[in-house]
$ cat target-v4.cif   # mmCIF, C-alpha atoms, pLDDT in the B column; chains and numbers go by the auth columns
data_query
#
loop_
_atom_site.group_PDB
_atom_site.id
_atom_site.type_symbol
_atom_site.label_atom_id
_atom_site.label_comp_id
_atom_site.label_asym_id
_atom_site.label_seq_id
_atom_site.Cartn_x
_atom_site.Cartn_y
_atom_site.Cartn_z
_atom_site.B_iso_or_equiv
_atom_site.auth_seq_id
_atom_site.auth_asym_id
ATOM 1 C CA MET A 1 41.202 111.895 -66.257 45.00 20 A
ATOM 2 C CA PRO A 2 42.936 111.930 -62.892 42.00 21 A
ATOM 3 C CA GLU A 3 43.705 108.531 -61.428 61.00 22 A
ATOM 4 C CA ARG A 4 43.258 109.409 -57.750 89.00 23 A
ATOM 5 C CA SER A 5 40.057 110.998 -56.500 95.00 24 A
ATOM 6 C CA LEU A 6 40.735 114.233 -54.648 97.00 25 A
ATOM 7 C CA PRO A 7 38.601 115.371 -51.707 98.00 26 A
ATOM 8 C CA ILE A 8 35.884 117.888 -52.574 98.00 27 A
ATOM 9 C CA GLU A 9 37.405 120.587 -50.357 98.00 28 A
ATOM 10 C CA GLN A 10 40.754 120.245 -52.130 98.00 29 A
ATOM 11 C CA ILE A 11 39.096 120.583 -55.534 98.00 30 A
ATOM 12 C CA LEU A 12 37.177 123.672 -54.399 98.00 31 A
ATOM 13 C CA SER A 13 40.361 125.183 -52.992 98.00 32 A
ATOM 14 C CA MET A 14 42.275 124.544 -56.219 98.00 33 A
ATOM 15 C CA LEU A 15 39.493 126.034 -58.334 98.00 34 A
ATOM 16 C CA ALA A 16 39.252 129.097 -56.090 98.00 35 A
ATOM 17 C CA ALA A 17 43.008 129.724 -56.201 98.00 36 A
ATOM 18 C CA GLY A 18 43.359 129.995 -59.987 97.00 37 A
ATOM 19 C CA PRO A 19 42.017 133.456 -60.865 98.00 38 A
ATOM 20 C CA PRO A 20 43.694 135.306 -57.945 98.00 39 A
ATOM 21 C CA ARG A 21 46.979 133.557 -58.715 97.00 40 A
ATOM 22 C CA LEU A 22 46.753 134.644 -62.360 97.00 41 A
ATOM 23 C CA ALA A 23 46.045 138.215 -61.278 97.00 42 A
ATOM 24 C CA ALA A 24 49.009 138.222 -58.893 97.00 43 A
ATOM 25 C CA VAL A 25 51.584 136.732 -61.275 96.00 44 A
ATOM 26 C CA THR A 26 50.608 139.010 -64.173 97.00 45 A
ATOM 27 C CA ALA A 27 50.263 142.238 -62.166 96.00 46 A
ATOM 28 C CA GLY A 28 52.212 145.078 -63.717 94.00 47 A
ATOM 29 C CA LEU A 29 52.669 143.466 -67.129 95.00 48 A
ATOM 30 C CA ASP A 30 51.350 145.380 -70.110 95.00 49 A
ATOM 31 C CA SER A 31 49.280 144.108 -73.011 95.00 50 A
ATOM 32 C CA ALA A 32 52.272 143.598 -75.302 94.00 51 A
ATOM 33 C CA GLN A 33 54.107 141.587 -72.659 94.00 52 A
ATOM 34 C CA LEU A 34 51.053 139.403 -72.001 96.00 53 A
ATOM 35 C CA ARG A 35 50.806 138.674 -75.734 96.00 54 A
ATOM 36 C CA ALA A 36 54.529 137.846 -76.085 92.00 55 A
ATOM 37 C CA ALA A 37 55.355 134.165 -76.451 90.00 56 A
ATOM 38 C CA PRO A 38 58.506 133.204 -74.561 87.00 57 A
ATOM 39 C CA GLY A 39 59.767 131.152 -77.496 87.00 58 A
ATOM 40 C CA PRO A 40 58.794 129.479 -80.754 92.00 59 A
ATOM 41 C CA GLY A 41 55.798 127.190 -80.326 92.00 60 A
ATOM 42 C CA GLU A 42 55.171 128.398 -76.765 92.00 61 A
ATOM 43 C CA TRP A 43 52.030 130.108 -75.547 94.00 62 A
ATOM 44 C CA SER A 44 51.902 133.663 -74.344 95.00 63 A
ATOM 45 C CA ALA A 45 50.150 134.385 -71.057 96.00 64 A
ATOM 46 C CA ASN A 46 47.187 135.597 -73.120 96.00 65 A
ATOM 47 C CA GLU A 47 47.028 132.344 -75.117 96.00 66 A
ATOM 48 C CA ALA A 48 47.285 130.218 -71.977 97.00 67 A
ATOM 49 C CA LEU A 49 44.439 132.197 -70.368 98.00 68 A
ATOM 50 C CA ALA A 50 42.367 131.723 -73.532 97.00 69 A
ATOM 51 C CA HIS A 51 42.927 127.971 -73.217 97.00 70 A
ATOM 52 C CA LEU A 52 41.930 127.996 -69.534 98.00 71 A
ATOM 53 C CA ARG A 53 38.732 129.872 -70.401 98.00 72 A
ATOM 54 C CA SER A 54 37.905 127.371 -73.130 97.00 73 A
ATOM 55 C CA CYS A 55 38.373 124.447 -70.739 97.00 74 A
ATOM 56 C CA ALA A 56 36.243 126.225 -68.129 97.00 75 A
ATOM 57 C CA ASP A 57 33.503 126.742 -70.708 97.00 76 A
ATOM 58 C CA VAL A 58 33.454 123.131 -71.847 97.00 77 A
ATOM 59 C CA TRP A 59 33.939 121.273 -68.578 97.00 78 A
ATOM 60 C CA GLY A 60 32.015 123.821 -66.517 97.00 79 A
ATOM 61 C CA GLY A 61 29.190 123.461 -69.028 97.00 80 A
ATOM 62 C CA CYS A 62 29.218 119.713 -68.516 97.00 81 A
ATOM 63 C CA ILE A 63 29.012 120.231 -64.753 98.00 82 A
ATOM 64 C CA ALA A 64 26.037 122.583 -65.212 97.00 83 A
ATOM 65 C CA THR A 65 24.272 120.051 -67.445 98.00 84 A
ATOM 66 C CA ILE A 66 24.781 117.263 -64.920 98.00 85 A
ATOM 67 C CA MET A 67 23.465 119.500 -62.145 97.00 86 A
ATOM 68 C CA ALA A 68 20.381 120.473 -64.171 97.00 87 A
ATOM 69 C CA GLU A 69 19.418 117.111 -65.654 97.00 88 A
ATOM 70 C CA ASP A 70 19.075 113.571 -64.347 95.00 89 A
ATOM 71 C CA ALA A 71 21.588 111.236 -66.020 95.00 90 A
ATOM 72 C CA PRO A 72 22.050 113.321 -69.191 98.00 91 A
ATOM 73 C CA THR A 73 23.927 112.267 -72.288 97.00 92 A
ATOM 74 C CA ILE A 74 26.542 114.842 -73.254 96.00 93 A
ATOM 75 C CA ARG A 75 28.443 114.968 -76.517 95.00 94 A
ATOM 76 C CA ALA A 76 32.145 115.467 -75.824 92.00 95 A
ATOM 77 C CA ILE A 77 33.614 118.763 -76.983 93.00 96 A
ATOM 78 C CA ASN A 78 37.342 119.285 -77.136 92.00 97 A
ATOM 79 C CA PRO A 79 38.302 122.637 -75.554 93.00 98 A
ATOM 80 C CA THR A 80 40.897 123.083 -78.305 90.00 99 A
ATOM 81 C CA THR A 81 38.092 122.891 -80.871 92.00 100 A
ATOM 82 C CA TRP A 82 35.769 125.033 -78.745 95.00 101 A
ATOM 83 C CA ILE A 83 38.258 127.907 -78.523 96.00 102 A
ATOM 84 C CA ASN A 84 37.931 128.393 -82.284 94.00 103 A
ATOM 85 C CA SER A 85 34.309 129.463 -81.759 95.00 104 A
ATOM 86 C CA THR A 86 35.372 132.185 -79.302 96.00 105 A
ATOM 87 C CA ASP A 87 37.342 135.419 -79.445 96.00 106 A
ATOM 88 C CA TYR A 88 39.371 134.524 -76.355 97.00 107 A
ATOM 89 C CA ARG A 89 42.740 134.656 -78.131 95.00 108 A
ATOM 90 C CA GLU A 90 42.072 138.195 -79.375 96.00 109 A
ATOM 91 C CA LEU A 91 40.810 139.650 -76.094 97.00 110 A
ATOM 92 C CA GLU A 92 42.973 141.814 -73.885 96.00 111 A
ATOM 93 C CA PHE A 93 44.308 139.882 -70.893 97.00 112 A
ATOM 94 C CA GLN A 94 42.737 141.860 -68.042 96.00 113 A
ATOM 95 C CA PRO A 95 39.120 141.818 -69.322 97.00 114 A
ATOM 96 C CA SER A 96 39.558 138.144 -70.187 98.00 115 A
ATOM 97 C CA LEU A 97 40.881 137.426 -66.692 98.00 116 A
ATOM 98 C CA GLN A 98 37.915 139.306 -65.195 98.00 117 A
ATOM 99 C CA ALA A 99 35.505 137.184 -67.249 98.00 118 A
ATOM 100 C CA PHE A 100 37.351 134.021 -66.197 98.00 119 A
ATOM 101 C CA ALA A 101 37.189 135.061 -62.536 98.00 120 A
ATOM 102 C CA ALA A 102 33.461 135.845 -62.760 98.00 121 A
ATOM 103 C CA GLN A 103 32.770 132.498 -64.410 98.00 122 A
ATOM 104 C CA ARG A 104 34.798 130.748 -61.696 98.00 123 A
ATOM 105 C CA THR A 105 32.861 132.561 -58.953 98.00 124 A
ATOM 106 C CA GLY A 106 29.634 131.205 -60.444 98.00 125 A
ATOM 107 C CA LEU A 107 30.986 127.673 -60.741 98.00 126 A
ATOM 108 C CA LEU A 108 32.262 127.709 -57.175 98.00 127 A
ATOM 109 C CA ALA A 109 28.926 128.982 -55.838 98.00 128 A
ATOM 110 C CA ALA A 110 27.132 126.150 -57.636 98.00 129 A
ATOM 111 C CA LEU A 111 29.593 123.495 -56.464 98.00 130 A
ATOM 112 C CA GLN A 112 29.668 124.752 -52.873 98.00 131 A
ATOM 113 C CA ALA A 113 25.871 124.532 -52.730 97.00 132 A
ATOM 114 C CA LEU A 114 25.934 120.824 -53.569 98.00 133 A
ATOM 115 C CA ALA A 115 25.523 118.170 -50.925 97.00 134 A
ATOM 116 C CA PRO A 116 28.537 115.826 -50.971 96.00 135 A
ATOM 117 C CA ALA A 117 26.420 113.000 -52.439 97.00 136 A
ATOM 118 C CA ALA A 118 25.413 115.221 -55.387 98.00 137 A
ATOM 119 C CA TRP A 119 29.037 115.319 -56.553 98.00 138 A
ATOM 120 C CA ALA A 120 28.476 111.718 -57.717 97.00 139 A
ATOM 121 C CA ARG A 121 25.723 112.767 -60.176 98.00 140 A
ATOM 122 C CA SER A 122 26.889 111.760 -63.625 97.00 141 A
ATOM 123 C CA ALA A 123 26.373 111.864 -67.362 97.00 142 A
ATOM 124 C CA THR A 124 27.089 109.541 -70.232 97.00 143 A
ATOM 125 C CA VAL A 125 29.631 111.248 -72.472 96.00 144 A
ATOM 126 C CA THR A 126 29.655 110.284 -76.145 95.00 145 A
ATOM 127 C CA GLY A 127 31.535 111.324 -79.243 90.00 146 A
ATOM 128 C CA ALA A 128 35.103 110.541 -78.231 77.00 147 A
ATOM 129 C CA GLY A 129 35.182 106.785 -78.720 86.00 148 A
ATOM 130 C CA LYS A 130 33.520 104.496 -76.215 93.00 149 A
ATOM 131 C CA ALA A 131 30.760 106.148 -74.140 94.00 150 A
ATOM 132 C CA LEU A 132 32.058 107.148 -70.707 93.00 151 A
ATOM 133 C CA GLN A 133 30.493 108.003 -67.377 95.00 152 A
ATOM 134 C CA ARG A 134 31.673 111.333 -65.964 96.00 153 A
ATOM 135 C CA SER A 135 30.524 112.812 -62.678 98.00 154 A
ATOM 136 C CA ILE A 136 30.435 116.333 -61.322 98.00 155 A
ATOM 137 C CA HIS A 137 33.354 115.289 -59.146 98.00 156 A
ATOM 138 C CA SER A 138 35.389 113.982 -62.077 97.00 157 A
ATOM 139 C CA TYR A 139 34.798 117.105 -64.189 97.00 158 A
ATOM 140 C CA ALA A 140 35.577 119.478 -61.320 98.00 159 A
ATOM 141 C CA GLN A 141 38.746 117.546 -60.474 98.00 160 A
ATOM 142 C CA TRP A 142 39.737 117.428 -64.143 96.00 161 A
ATOM 143 C CA LEU A 143 39.327 121.187 -64.428 97.00 162 A
ATOM 144 C CA ALA A 144 41.293 121.854 -61.227 98.00 163 A
ATOM 145 C CA THR A 145 44.189 119.520 -62.004 97.00 164 A
ATOM 146 C CA HIS A 146 44.375 120.562 -65.663 97.00 165 A
ATOM 147 C CA GLU A 147 44.789 124.208 -64.652 97.00 166 A
ATOM 148 C CA ARG A 148 47.773 123.636 -62.366 96.00 167 A
ATOM 149 C CA PRO A 149 50.450 123.244 -65.062 96.00 168 A
ATOM 150 C CA HIS A 150 48.972 126.136 -67.055 96.00 169 A
ATOM 151 C CA LEU A 151 49.068 128.402 -64.005 96.00 170 A
ATOM 152 C CA LYS A 152 52.739 127.478 -63.557 96.00 171 A
ATOM 153 C CA GLN A 153 53.288 128.079 -67.272 94.00 172 A
ATOM 154 C CA ILE A 154 51.835 131.607 -67.044 96.00 173 A
ATOM 155 C CA GLU A 155 53.919 132.271 -63.939 95.00 174 A
ATOM 156 C CA ARG A 156 57.096 131.187 -65.785 93.00 175 A
ATOM 157 C CA VAL A 157 56.207 133.426 -68.744 92.00 176 A
ATOM 158 C CA ALA A 158 55.492 136.398 -66.468 93.00 177 A
ATOM 159 C CA ASN A 159 58.724 135.921 -64.514 91.00 178 A
ATOM 160 C CA ALA A 160 60.728 135.656 -67.744 89.00 179 A
ATOM 161 C CA LEU A 161 59.158 138.880 -69.006 86.00 180 A
ATOM 162 C CA ARG A 162 60.019 140.674 -65.773 84.00 181 A
ATOM 163 C CA SER A 163 63.651 139.551 -66.000 84.00 182 A
ATOM 164 C CA GLN A 164 64.118 140.928 -69.529 80.00 183 A
ATOM 165 C CA PRO A 165 65.914 144.262 -69.842 72.00 184 A
ATOM 166 C CA ALA A 166 63.601 147.187 -70.575 61.00 185 A
#

$ encode --input "target-v4.cif" --output "structure tokens"
Amino acid sequence: MPERSLPIEQILSMLAAGPPRLAAVTAGLDSAQLRAAPGPGEWSANEALAHLRSCADVWGGCIATIMAEDAPTIRAINPTTWINSTDYRELEFQPSLQAFAAQRTGLLAALQALAPAAWARSATVTGAGKALQRSIHSYAQWLATHERPHLKQIERVANALRSQPA
């Protein structure tokens, strides 16, 4: 989890920026390029997007549960485990990006509708060692800050693909 609490507006801005940034940095790349890993053990743009979608599912789901229930108990789910129950890795990049963007639009609408005090609503999270308290704020910040290096990763992959000879 992040050590420093970010302001709500910064979190919302970071979350809003992700899908359009992905669309911009991958514009013009074809399906084969988006599935190409830049090197051994590295993720392709498609694999990185699949990971981002998995994280959005898991942590966005936790946010939705906290919004819907008073002081729920949530069993921790690792996004890396969750992705195995999806077809995200096999999907074409553009439809997957569209689904990611639509999901993000819904999350942002829900978060923007919250009063600032509601961001402190929390859940007890079990299943990953000692029970933890996680708030809407902490999950939203976690999602936003976790995405940043993956967005840069996809940008590096896309730029490398563009610089390769045809």

$ resolve_selection --input "target-v4.cif" --expression "the PyMOL selection byres ((chain A and resi 74) around 12)" --output "PyMOL selection string"
chain A and resi 67-73+75-82+96-102+105+107+119+122-123+158-159+161-166+169

$ closest_residue --input "target-v4.cif" --among "A:Leu41, A:Ala177, A:Ala51, A:Ile30" --to "Gln131 in chain A" --atoms "only C-alpha atoms"
A:Ile30

$ resolve_selection --input "target-v4.cif" --expression "the PyMOL selection byres ((chain A and resi 84) around 12)" --output "PyMOL selection string"
chain A and resi 76-83+85-94+129+140-144+153-155+158

$ resolve_selection --input "target-v4.cif" --expression "the PyMOL selection byres ((chain A and resi 26) around 12)" --output "ChimeraX atom specification"
/A:23-25,27-33,135,138,156-157,159-160,163

$ atom_distance --input "target-v4.cif" --atom1 "CA of Ile173 in chain A" --atom2 "CA of Ala64 in chain A"
5.2 Å

$ atom_distance --input "target-v4.cif" --atom1 "CA of Val44 in chain A" --atom2 "CA of Asn178 in chain A"
7.9 Å

$ atom_distance --input "target-v4.cif" --atom1 "CA of Ala137 in chain A" --atom2 "CA of Thr124 in chain A"
19.2 Å

$ closest_residue --input "target-v4.cif" --among "A:Leu151, A:Leu180, A:Ala95, A:Leu133" --to "Gln52 in chain A" --atoms "all atoms listed in the file"
A:Leu180

$ closest_residue --input "target-v4.cif" --among "A:Ala121, A:Ala150, A:Ala139, A:Leu116" --to "Thr45 in chain A" --atoms "only C-alpha atoms"
A:Leu116
